[in-house]
Structure formats: C-alpha cells, structure tokens
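Undergrad: CSV, C-alpha atoms and all ligand atoms, file data.csv:
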chain,number,residue,atom,x,y,z
A,7,MET,CA,189.8,28.7,156.7
A,8,LYS,CA,191.0,30.3,153.5
A,9,LYS,CA,192.9,27.3,152.7
A,10,LEU,CA,189.8,25.1,153.2
A,11,ILE,CA,187.7,27.3,150.8
A,12,GLY,CA,190.5,27.1,148.3
A,13,ILE,CA,190.5,23.3,148.4
A,14,ALA,CA,186.7,23.2,148.1
A,15,ALA,CA,186.8,25.6,145.1
A,16,THR,CA,189.5,23.5,143.4
A,17,GLY,CA,187.3,20.4,144.0
A,18,ALA,CA,184.3,22.2,142.4
A,19,MET,CA,186.3,23.4,139.5
A,20,LEU,CA,187.7,19.9,138.9
A,21,LEU,CA,184.2,18.5,138.9
A,22,ALA,CA,183.1,21.2,136.4
A,23,LEU,CA,186.0,20.4,134.2
A,24,THR,CA,185.6,16.6,134.2
A,25,GLY,CA,181.8,17.0,133.6
A,26,CYS,CA,180.1,13.7,134.3
A,27,ALA,CA,183.2,11.7,134.9
A,28,THR,CA,181.9,10.8,138.4
A,29,SER,CA,178.3,10.5,137.3
A,30,GLY,CA,176.1,8.8,134.7
A,31,ASN,CA,173.5,11.6,135.1
A,32,ALA,CA,172.8,13.0,131.7
A,33,ALA,CA,171.2,16.2,133.0
A,34,SER,CA,174.5,17.4,134.4
A,35,ASP,CA,175.8,17.6,130.8
A,36,GLY,CA,172.5,18.8,129.2
A,37,PRO,CA,170.0,16.5,127.6
A,38,LYS,CA,171.3,13.4,125.8
A,39,PRO,CA,169.7,12.2,122.6
A,40,LEU,CA,167.2,9.5,123.7
A,41,ASP,CA,169.0,6.7,121.9
A,42,GLU,CA,172.1,7.4,124.0
A,43,LEU,CA,170.2,7.1,127.3
A,44,VAL,CA,170.6,4.0,129.4
A,45,VAL,CA,168.2,3.0,132.2
A,46,GLY,CA,168.7,0.2,134.6
A,47,PHE,CA,165.6,-1.5,135.9
A,48,ALA,CA,165.7,-3.9,138.9
A,49,GLN,CA,162.5,-5.8,138.9
A,50,VAL,CA,161.1,-7.7,141.9
A,51,GLY,CA,160.6,-11.0,140.1
A,52,ALA,CA,157.9,-12.9,138.2
A,53,GLU,CA,155.7,-13.8,141.2
A,54,SER,CA,152.3,-12.9,139.8
A,55,GLY,CA,150.2,-12.1,136.7
A,56,TRP,CA,150.5,-8.4,137.9
A,57,ARG,CA,154.3,-8.6,137.8
A,58,THR,CA,154.4,-10.2,134.3
A,59,ALA,CA,152.1,-7.5,133.0
A,60,ASN,CA,154.2,-4.8,134.7
A,61,THR,CA,157.4,-6.1,133.2
A,62,LYS,CA,155.9,-6.4,129.7
A,63,ASP,CA,154.6,-2.8,129.8
A,64,ILE,CA,157.8,-1.3,131.1
A,65,GLN,CA,159.9,-3.1,128.4
A,66,ALA,CA,157.5,-2.2,125.6
A,67,SER,CA,157.3,1.5,126.7
A,68,PHE,CA,161.1,1.9,126.7
A,69,GLU,CA,161.4,0.1,123.4
A,70,GLU,CA,158.8,2.4,121.9
A,71,ALA,CA,160.6,5.5,123.3
A,72,GLY,CA,163.9,4.3,121.8
A,73,ILE,CA,165.6,4.3,125.2
A,74,GLU,CA,167.9,1.4,126.1
A,75,LEU,CA,166.6,-0.6,129.2
A,76,LYS,CA,168.8,-2.9,131.1
A,77,PHE,CA,166.5,-5.3,133.0
A,78,SER,CA,167.1,-7.7,135.9
A,79,ASP,CA,164.8,-10.1,137.8
A,80,ALA,CA,165.6,-10.5,141.5
A,81,GLN,CA,163.4,-13.5,142.1
A,82,GLN,CA,161.8,-11.8,145.1
A,83,LYS,CA,165.2,-11.5,146.9
A,84,GLN,CA,166.4,-8.2,148.2
A,85,GLU,CA,170.1,-9.2,148.0
A,86,ASN,CA,169.7,-9.9,144.2
A,87,GLN,CA,168.1,-6.4,143.8
A,88,ILE,CA,170.9,-4.8,145.6
A,89,LYS,CA,173.4,-6.6,143.4
A,90,ALA,CA,171.6,-5.5,140.3
A,91,ILE,CA,171.5,-1.8,141.5
A,92,ARG,CA,175.3,-2.0,142.3
A,93,SER,CA,176.0,-3.3,138.8
A,94,TYR,CA,173.9,-0.5,137.2
A,95,ILE,CA,176.0,2.0,139.3
A,96,GLN,CA,179.2,0.4,138.1
A,97,GLN,CA,178.0,0.6,134.5
A,98,GLN,CA,177.2,4.3,135.0
A,99,VAL,CA,173.6,4.1,133.6
A,100,ASP,CA,171.8,7.4,133.4
A,101,VAL,CA,168.8,6.5,135.6
A,102,ILE,CA,168.1,3.6,137.9
A,103,ALA,CA,164.5,2.5,138.4
A,104,PHE,CA,163.4,-0.3,140.7
A,105,SER,CA,160.5,-1.8,142.6
A,106,PRO,CA,161.8,-2.5,146.1
A,107,VAL,CA,160.8,-6.1,147.1
A,108,VAL,CA,160.6,-5.0,150.8
A,109,GLU,CA,160.4,-1.5,152.4
A,110,THR,CA,163.5,-1.5,154.6
A,111,GLY,CA,167.3,-1.9,154.1
A,112,TRP,CA,167.9,0.3,151.1
A,113,ASP,CA,169.8,3.3,152.5
A,114,ALA,CA,173.3,2.0,151.9
A,115,VAL,CA,172.9,1.1,148.2
A,116,LEU,CA,170.8,4.2,147.5
A,117,ASN,CA,173.6,6.3,149.1
A,118,GLU,CA,176.0,4.7,146.7
A,119,ALA,CA,173.8,5.6,143.7
A,120,LYS,CA,173.5,9.2,145.1
A,121,ALA,CA,177.3,9.4,145.5
A,122,ALA,CA,177.7,8.3,141.9
A,123,GLY,CA,175.3,11.0,140.8
A,124,ILE,CA,172.7,8.6,139.4
A,125,PRO,CA,169.1,9.5,140.0
A,126,VAL,CA,166.9,6.7,141.3
A,127,VAL,CA,163.1,6.3,140.6
A,128,LEU,CA,160.9,4.0,142.7
A,129,THR,CA,158.2,2.3,140.7
A,130,ASP,CA,155.2,0.4,142.2
A,131,ARG,CA,156.6,-0.1,145.8
A,132,ALA,CA,157.9,2.3,148.4
A,133,VAL,CA,161.0,2.3,150.5
A,134,ASP,CA,160.9,3.1,154.2
A,135,SER,CA,163.7,5.6,154.7
A,136,GLN,CA,164.1,8.8,156.7
A,137,ASP,CA,166.0,10.3,153.8
A,138,ASP,CA,163.8,11.1,150.8
A,139,SER,CA,166.7,12.7,148.9
A,140,LEU,CA,167.7,9.1,148.0
A,141,TYR,CA,165.2,8.9,145.2
A,142,VAL,CA,163.8,11.6,142.8
A,143,SER,CA,160.3,10.2,142.3
A,144,PHE,CA,158.0,7.4,143.4
A,145,LEU,CA,155.4,6.2,140.9
A,146,GLY,CA,152.8,3.7,142.0
A,147,SER,CA,149.5,3.0,143.6
A,148,ASP,CA,148.1,4.1,147.0
A,149,PHE,CA,148.1,0.6,148.6
A,150,VAL,CA,146.4,1.8,151.8
A,151,ALA,CA,143.5,3.1,149.7
A,152,GLU,CA,143.3,-0.3,148.0
A,153,GLY,CA,143.0,-2.0,151.4
A,154,GLU,CA,140.3,0.5,152.4
A,155,LYS,CA,138.3,-0.2,149.2
A,156,ALA,CA,138.5,-4.0,149.9
A,157,GLY,CA,137.4,-3.3,153.5
A,158,GLN,CA,134.5,-1.1,152.4
A,159,TRP,CA,133.1,-3.9,150.3
A,160,VAL,CA,133.2,-6.3,153.2
A,161,LEU,CA,131.7,-3.7,155.5
A,162,ASP,CA,128.8,-3.1,153.1
A,163,GLU,CA,128.3,-6.8,152.3
A,164,TYR,CA,127.9,-7.7,156.0
A,165,ALA,CA,126.2,-4.5,157.1
A,166,ASP,CA,123.1,-6.4,158.2
A,167,SER,CA,124.8,-9.4,159.7
A,168,SER,CA,124.3,-9.8,163.4
A,169,GLU,CA,126.6,-12.8,163.7
A,170,SER,CA,130.3,-12.9,163.7
A,171,VAL,CA,131.9,-13.0,160.2
A,172,LYS,CA,135.1,-15.0,160.1
A,173,ILE,CA,137.8,-13.7,157.7
A,174,ILE,CA,141.1,-15.2,156.6
A,175,GLN,CA,143.7,-12.8,155.2
A,176,LEU,CA,146.3,-13.9,152.7
A,177,GLU,CA,149.1,-11.4,153.0
A,178,GLY,CA,151.6,-10.5,150.3
A,179,THR,CA,155.4,-10.8,150.8
A,180,THR,CA,156.3,-10.0,154.4
A,181,GLY,CA,157.8,-6.5,154.6
A,182,ALA,CA,156.6,-5.4,151.2
A,183,ALA,CA,154.8,-2.1,150.9
A,184,PRO,CA,151.6,-3.5,149.3
A,185,ALA,CA,151.4,-6.2,152.0
A,186,ILE,CA,151.8,-3.7,154.9
A,187,ASP,CA,149.5,-1.1,153.5
A,188,ARG,CA,146.8,-3.3,152.1
A,189,ALA,CA,146.5,-4.9,155.6
A,190,GLU,CA,146.4,-1.5,157.3
A,191,GLY,CA,143.7,0.0,155.1
A,192,PHE,CA,141.5,-3.1,155.3
A,193,ALA,CA,141.9,-3.3,159.1
A,194,GLU,CA,141.1,0.3,159.6
A,195,VAL,CA,137.8,0.1,157.7
A,196,ILE,CA,136.5,-3.3,159.0
A,197,ALA,CA,137.1,-2.1,162.6
A,198,GLU,CA,133.9,-0.1,162.2
A,199,ASN,CA,131.9,-3.4,162.6
A,200,PRO,CA,133.0,-5.6,165.5
A,201,ASN,CA,131.3,-8.6,163.9
A,202,LEU,CA,134.0,-8.6,161.3
A,203,GLU,CA,136.8,-10.7,162.7
A,204,VAL,CA,140.1,-11.7,161.1
A,205,VAL,CA,140.6,-15.2,162.5
A,206,ALA,CA,143.9,-15.9,160.7
A,207,SER,CA,146.4,-14.0,158.6
A,208,GLN,CA,149.4,-15.4,156.9
A,209,THR,CA,151.7,-14.7,153.9
A,210,GLY,CA,151.3,-16.5,150.6
A,211,ASP,CA,154.2,-14.4,149.1
A,212,PHE,CA,151.9,-13.0,146.4
A,213,THR,CA,152.0,-16.3,144.5
A,214,ARG,CA,149.3,-18.7,143.4
A,215,ALA,CA,151.0,-21.7,145.0
A,216,GLY,CA,151.5,-19.8,148.2
A,217,GLY,CA,147.8,-18.8,148.3
A,218,LYS,CA,146.7,-22.4,147.8
A,219,GLN,CA,149.1,-23.9,150.4
A,220,VAL,CA,148.2,-21.3,153.1
A,221,THR,CA,144.4,-21.7,152.4
A,222,GLU,CA,144.6,-25.5,152.6
A,223,ALA,CA,146.3,-25.3,156.0
A,224,LEU,CA,144.1,-22.5,157.3
A,225,LEU,CA,140.8,-24.2,156.2
A,226,LYS,CA,141.7,-27.1,158.4
A,227,SER,CA,141.8,-24.9,161.5
A,228,ASN,CA,139.0,-22.6,160.4
A,229,PRO,CA,136.5,-24.7,158.4
A,230,ASP,CA,133.7,-22.2,159.1
A,231,VAL,CA,135.4,-19.2,157.6
A,232,ASP,CA,133.1,-16.8,155.7
A,233,LEU,CA,135.5,-14.7,153.6
A,234,ILE,CA,139.0,-14.6,152.3
A,235,TYR,CA,140.8,-11.3,151.7
A,236,ALA,CA,143.8,-11.9,149.5
A,237,HIS,CA,146.3,-9.1,148.9
A,238,ASN,CA,146.5,-10.1,145.2
A,239,ASP,CA,144.5,-12.0,142.5
A,240,ASP,CA,147.1,-14.8,142.3
A,241,MET,CA,146.7,-15.8,146.0
A,242,GLY,CA,142.9,-15.6,145.6
A,243,LEU,CA,143.2,-18.0,142.6
A,244,GLY,CA,145.2,-20.4,144.7
A,245,ALA,CA,142.6,-20.1,147.5
A,246,ILE,CA,139.9,-21.1,144.9
A,247,GLU,CA,141.8,-24.3,144.2
A,248,ALA,CA,142.1,-25.1,147.9
A,249,ILE,CA,138.4,-24.3,148.6
A,250,GLU,CA,137.3,-26.5,145.7
A,251,ALA,CA,139.6,-29.3,146.8
A,252,ALA,CA,137.9,-29.1,150.2
A,253,GLY,CA,134.5,-29.7,148.5
A,254,MET,CA,133.2,-26.2,148.9
A,255,GLU,CA,132.1,-23.6,146.4
A,256,PRO,CA,134.4,-20.5,146.2
A,257,GLY,CA,132.4,-17.2,145.9
A,258,VAL,CA,129.4,-18.9,147.6
A,259,ASP,CA,130.4,-20.9,150.6
A,260,ILE,CA,133.4,-18.8,151.1
A,261,LYS,CA,133.5,-15.3,149.6
A,262,ILE,CA,136.7,-13.9,148.1
A,263,VAL,CA,138.0,-10.3,147.8
A,264,THR,CA,141.3,-9.6,146.0
A,265,VAL,CA,143.5,-6.8,144.7
A,266,ASP,CA,145.0,-6.4,141.2
A,267,ALA,CA,142.3,-7.1,138.5
A,268,VAL,CA,144.5,-9.0,136.1
A,269,LYS,CA,142.8,-11.1,133.5
A,270,ASP,CA,142.7,-14.4,135.4
A,271,GLY,CA,141.3,-12.7,138.4
A,272,MET,CA,138.7,-10.8,136.4
A,273,GLN,CA,137.7,-14.1,134.7
A,274,ALA,CA,137.2,-15.7,138.2
A,275,LEU,CA,135.2,-12.7,139.2
A,276,ALA,CA,133.0,-13.0,136.1
A,277,ASP,CA,132.5,-16.7,136.9
A,278,GLY,CA,131.4,-15.9,140.4
A,279,LYS,CA,134.3,-17.5,142.1
A,280,ILE,CA,135.7,-14.2,143.3
A,281,ASN,CA,133.2,-11.6,144.6
A,282,PHE,CA,135.0,-8.3,144.4
A,283,ILE,CA,138.4,-7.0,143.0
A,284,VAL,CA,140.1,-3.7,143.8
A,285,GLU,CA,142.2,-2.6,140.8
A,286,CYS,CA,145.9,-2.0,141.0
A,287,SER,CA,147.3,-1.0,137.6
A,288,PRO,CA,150.6,-2.6,136.5
A,289,LEU,CA,150.8,-0.2,133.4
A,290,LEU,CA,153.5,2.1,134.7
A,291,GLY,CA,155.8,2.0,131.7
A,292,LYS,CA,154.7,5.2,129.9
A,293,GLN,CA,154.8,7.3,133.1
A,294,LEU,CA,158.3,5.9,133.9
A,295,VAL,CA,159.5,6.9,130.5
A,296,ASP,CA,158.2,10.4,131.0
A,297,ILE,CA,160.0,10.7,134.4
A,298,VAL,CA,163.3,9.5,132.7
A,299,LYS,CA,162.8,12.2,130.0
A,300,GLN,CA,162.2,14.9,132.6
A,301,ILE,CA,165.4,13.9,134.4
A,302,ASN,CA,167.3,13.9,131.1
A,303,ASP,CA,165.9,17.5,130.4
A,304,GLY,CA,167.1,18.6,133.8
A,305,GLU,CA,163.6,19.0,135.2
A,306,ALA,CA,162.5,17.8,138.6
A,307,PRO,CA,159.7,15.1,138.3
A,308,GLU,CA,157.0,15.1,140.9
A,309,LYS,CA,158.1,13.4,144.0
A,310,ARG,CA,155.0,11.2,144.3
A,311,ILE,CA,152.8,10.1,141.3
A,312,ILE,CA,149.8,8.1,142.3
A,313,THR,CA,148.2,5.6,139.8
A,314,GLU,CA,144.5,6.0,139.1
A,315,GLU,CA,142.5,2.9,139.9
A,316,THR,CA,138.9,1.6,140.2
A,317,THR,CA,137.1,-1.5,141.6
A,318,PHE,CA,135.1,-4.3,139.9
A,319,THR,CA,132.0,-6.2,140.8
A,320,GLN,CA,130.9,-9.3,138.8
A,321,GLU,CA,128.8,-7.3,136.3
A,322,GLU,CA,131.6,-4.8,135.8
A,323,ALA,CA,134.2,-7.6,135.3
A,324,ILE,CA,132.0,-9.2,132.6
A,325,GLU,CA,131.8,-5.8,130.8
A,326,ALA,CA,135.5,-5.0,131.2
A,327,LEU,CA,137.0,-8.4,130.3
A,328,PRO,CA,136.8,-8.3,126.5
A,329,THR,CA,138.9,-5.1,126.3
A,330,ARG,CA,141.2,-5.8,129.3
A,331,GLN,CA,144.9,-5.4,128.3
A,332,TYR,CA,146.5,-7.6,130.9
B,1,LIG,O1,149.6,-6.4,143.7
B,1,LIG,C1,151.1,-8.3,143.3
B,1,LIG,C2,152.5,-8.3,143.0
B,1,LIG,O2,153.7,-4.6,144.1
B,1,LIG,C3,151.5,-3.8,143.4
B,1,LIG,O3,153.1,-7.2,143.7
B,1,LIG,C4,152.6,-4.9,143.4
B,1,LIG,C5,152.1,-6.3,143.9
B,1,LIG,C6,150.9,-6.8,143.2
B,1,LIG,O4,153.2,-9.5,143.1
B,1,LIG,O5,150.3,-9.1,142.5
Do you think you could lay out the structure here as structure tokens?
Ligand code: GYE
TA:
Amino acid sequence: MKKLIGIAATGAMLLALTGCATSGNAASDGPKPLDELVVGFAQVGAESGWRTANTKDIQASFEEAGIELKFSDAQQKQENQIKAIRSYIQQQVDVIAFSPVVETGWDAVLNEAKAAGIPVVLTDRAVDSQDDSLYVSFLGSDFVAEGEKAGQWVLDEYADSSESVKIIQLEGTTGAAPAIDRAEGFAEVIAENPNLEVVASQTGDFTRAGGKQVTEALLKSNPDVDLIYAHNDDMGLGAIEAIEAAGMEPGVDIKIVTVDAVKDGMQALADGKINFIVECSPLLGKQLVDIVKQINDGEAPEKRIITEETTFTQEEAIEALPTRQY
C-alpha cells in the first residue's frame, strides 16, 4: 500500500514539476496573456444562413478579443469534426469549442481531450452523454422551447378550426439536437388539439435544397396540406420555391412556420410567404470569448448558458428587418 502511495505521489510531483507538459490548459499555469491563447473551433459546416452568421460572429469576436482562433468546417460530417478535434488536441490548443453535428458518439474523442487536459466548450448544439465532465460549459438555445413556441402559434392559429389541419414537418439533420428537440417541443404543444395532424415528417438536412426537394415530393402525396413546419428558415425558403412551382401561394394556400429568423427568412415573413418565425440567435461569439477568458483565469464558467430569444409575426418582421444584423 505504502509503495502505491509513493508511486502516486511521485506521479503527482512529476506533473507539478512539468507544469502543463501534458496539457494545453492555460489555467493550470495561471492566466496566459490573451495574445498567447489558442482556441480550436470545430464548426458543423456552412449548411444554412444561420450557420454562416454564426461562423462570422465567432471569427469576428475572437479577432476583436485578440485571441487566436483555429477554425475548421466539417461539412456536416461527424467524422470530419472528430478529426478536427483530434488535430486540436495534438496541437495542444488551450480550449476546444465545437458545435456537435449530431448528439451521440462523442465520448471517445472527448475523453481524449480530457486526458490531454484541454477544456471543451459546446456551442449551439448539445451532446447526448452520461458523463457531463467531458465538457465545461454548453452555450446555446433551448431548442425544445423553440419547438413549443412554433407549436403554440399553430395551436392559436387553428383554435377555431373544427376540421383536421394537415401539417408537413421538415426536420433538421437527423440526430442533431435542434432537430430532435424542435420536433419534441412542437409535438407536445400541438397534441392539445387532436385536429392538428402531422401527416408527413422528413429531413431536409437544414438546407434550402433539402427543403425544396422534400417539399416537392411530399406535396405530391399530400396536395391538401395546410401548413409546413420547417426546423429552420432555409428549409422553409426551399419549401416556398416548391409550393410556387406547384402553382400555389406560400403563406396563403399553405402556411409556413420556421425557426431561426435570419435575414432571408425575415424578408419572406415580411412578404407574407412565411407566417411566423421563432428566433434562434447565431450570435454566440462574445459569450464564447467570455467563457474562454474565464477558463484562462482559472474560473469555472456556468455549465449551461441559454441564449435569449423571441418570435416574429409579419408586422414585427417588417419593423425588425432594417436593423437586423444577420
Ligand atoms: O437552426 C440551422 C442550422 O444548430 C441552431 O443549425 C443550429 C441550427 C440552425 O443549420 O439553421
């Protein structure tokens, strides 16, 4: 037993002597000057207007803070994100931040980051893991609440309808937190009115092309659909193209509810082609910089930071558009 303790103590002393030799974590050595900090960010891709705005905001925020940001685009593929994270571990960056494309399958690579002593921050999307010691903080929206807000608008809109209301759902990327949670929140709320019926639900992968293609196909089997609920603006914009190509009027013949509130979506709402948008803010850069600074100072950031968001009707979109940043 004594011998074991001796070995453990030697190990601990060695670690203390070598400082951060096994780790890129600045906090173990006291704060680093900001211009010596390196953050690795593994982005999902460039699938939507939301994502483009998110990338721009994160890059601009780190530049403004004078902190080096290594950036990679995984083109919506988990294996690319895992590769990027492994390369950040190898480069011994101070903090790794990433927006997980899907919820599951992260434990192995996050354990590697943990073993290397590199703190990980989740931005925008969550991971589904039993072990919440694998990341220090999760900054992003409450996607279930977003789905509930979309559902509430539909519930109110059809409160007086005695007939069945047929709904098509355009889902985000299969397995992604916003796709899972936005479907869940919506389903929970519309269940209050048995007339509201989701007749078809398919993924459009959060892209405009995906939304268009899926809507085209689903309109053939469901020509009498009343409403489309799209998990993001881009898929809703694709649906508009498909509805117009089928000779119908989006926003009138078929109502559309989306999530995000990026400029193109807000313009379509102002034009009456979309009927309601639930906001999801992509502007996470400043808060991410703050989290990195806290880690650098040896402070523990809050485990869950929820972005504040609103909703938009047509009138509100017209008012907000001129000053909309993204
Ligand atoms: O709503 C969608 C994007 O993860 C919140 O991803 C994000 C979602 C956003 O592609 O437009």
Undergrad: Hey, which of A:Trp112, A:Leu224, A:Ser67, A:Gly216 ends up closest to Ile88 in chain A? Count all atoms listed in the file.
TA: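 When distances to Ile88 in chain A are compared using all atoms listed in the file, the smallest one comes from A:Trp112.
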Undergrad: Name the residues, by chain letter and number, that sit within 7 Å of ligand LIG 1 (chain B) using all atoms listed in the file, and give them as a count of residues only.
TA: 16
Undergrad: Need to verify the contact set: Thr221 in chain A, 8 Å, all atoms listed in the file, exclusion of same-chain residues closer than 6 positions in sequence. Can you return it as a list in words?
TA: Gly244, Ala245, Ala248 and Ile249 of chain A
Undergrad: Quick one: write out the picked residues with C-alpha atoms as a PDB file, in the coordinates of the input?
TA:
ATOM      1  CA  GLY A 244     145.200 -20.400 144.700  1.00  0.00           C
ATOM      2  CA  ALA A 245     142.600 -20.100 147.500  1.00  0.00           C
ATOM      3  CA  ALA A 248     142.100 -25.100 147.900  1.00  0.00           C
ATOM      4  CA  ILE A 249     138.400 -24.300 148.600  1.00  0.00           C
TER       5      ILE A 249
END
Undergrad: For each of A:Asn199, A:Ser105, A:Ser168, A:Thr209, take the minimum atom-to-atom distance to Ala185 in chain A, counting only C-alpha atoms, then give the residue where this is smallest.
TA: A:Thr209
Undergrad: Got a sec to check which residues sit within 12 Å of (131.1, -6.2, 137.3), counting all atoms listed in the file, and write them as a list in words?
TA: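 The requested residues, written out, are Ala267, Met272, Gln273, Ala274, Leu275, Ala276, Asp277, Gly278, Ile280, Asn281, Phe282, Ile283, Val284, Thr316, Thr317, Phe318, Thr319, Gln320, Glu321, Glu322, Ala323, Ile324, Glu325, Ala326 and Leu327 of chain A.
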Undergrad: Could you list as a list of chain:residue names every residue that has an atom within 12 Å of (150.3, -2.1, 158.4), using the file's coordinates and counting only C-alpha atoms?
TA: A:Glu109, A:Phe149, A:Val150, A:Gly153, A:Glu154, A:Glu177, A:Gly178, A:Thr180, A:Gly181, A:Ala182, A:Ala183, A:Pro184, A:Ala185, A:Ile186, A:Asp187, A:Arg188, A:Ala189, A:Glu190, A:Gly191, A:Phe192, A:Ala193, A:Glu194
Undergrad: Name all residues at most 10 Å from Ala206 in chain A (count only C-alpha atoms; drop same-chain ones fewer than 4 positions away) and give them as a VMD selection string.
TA: chain A and resid 172 to 176 224 to 225 227 to 228 231 234
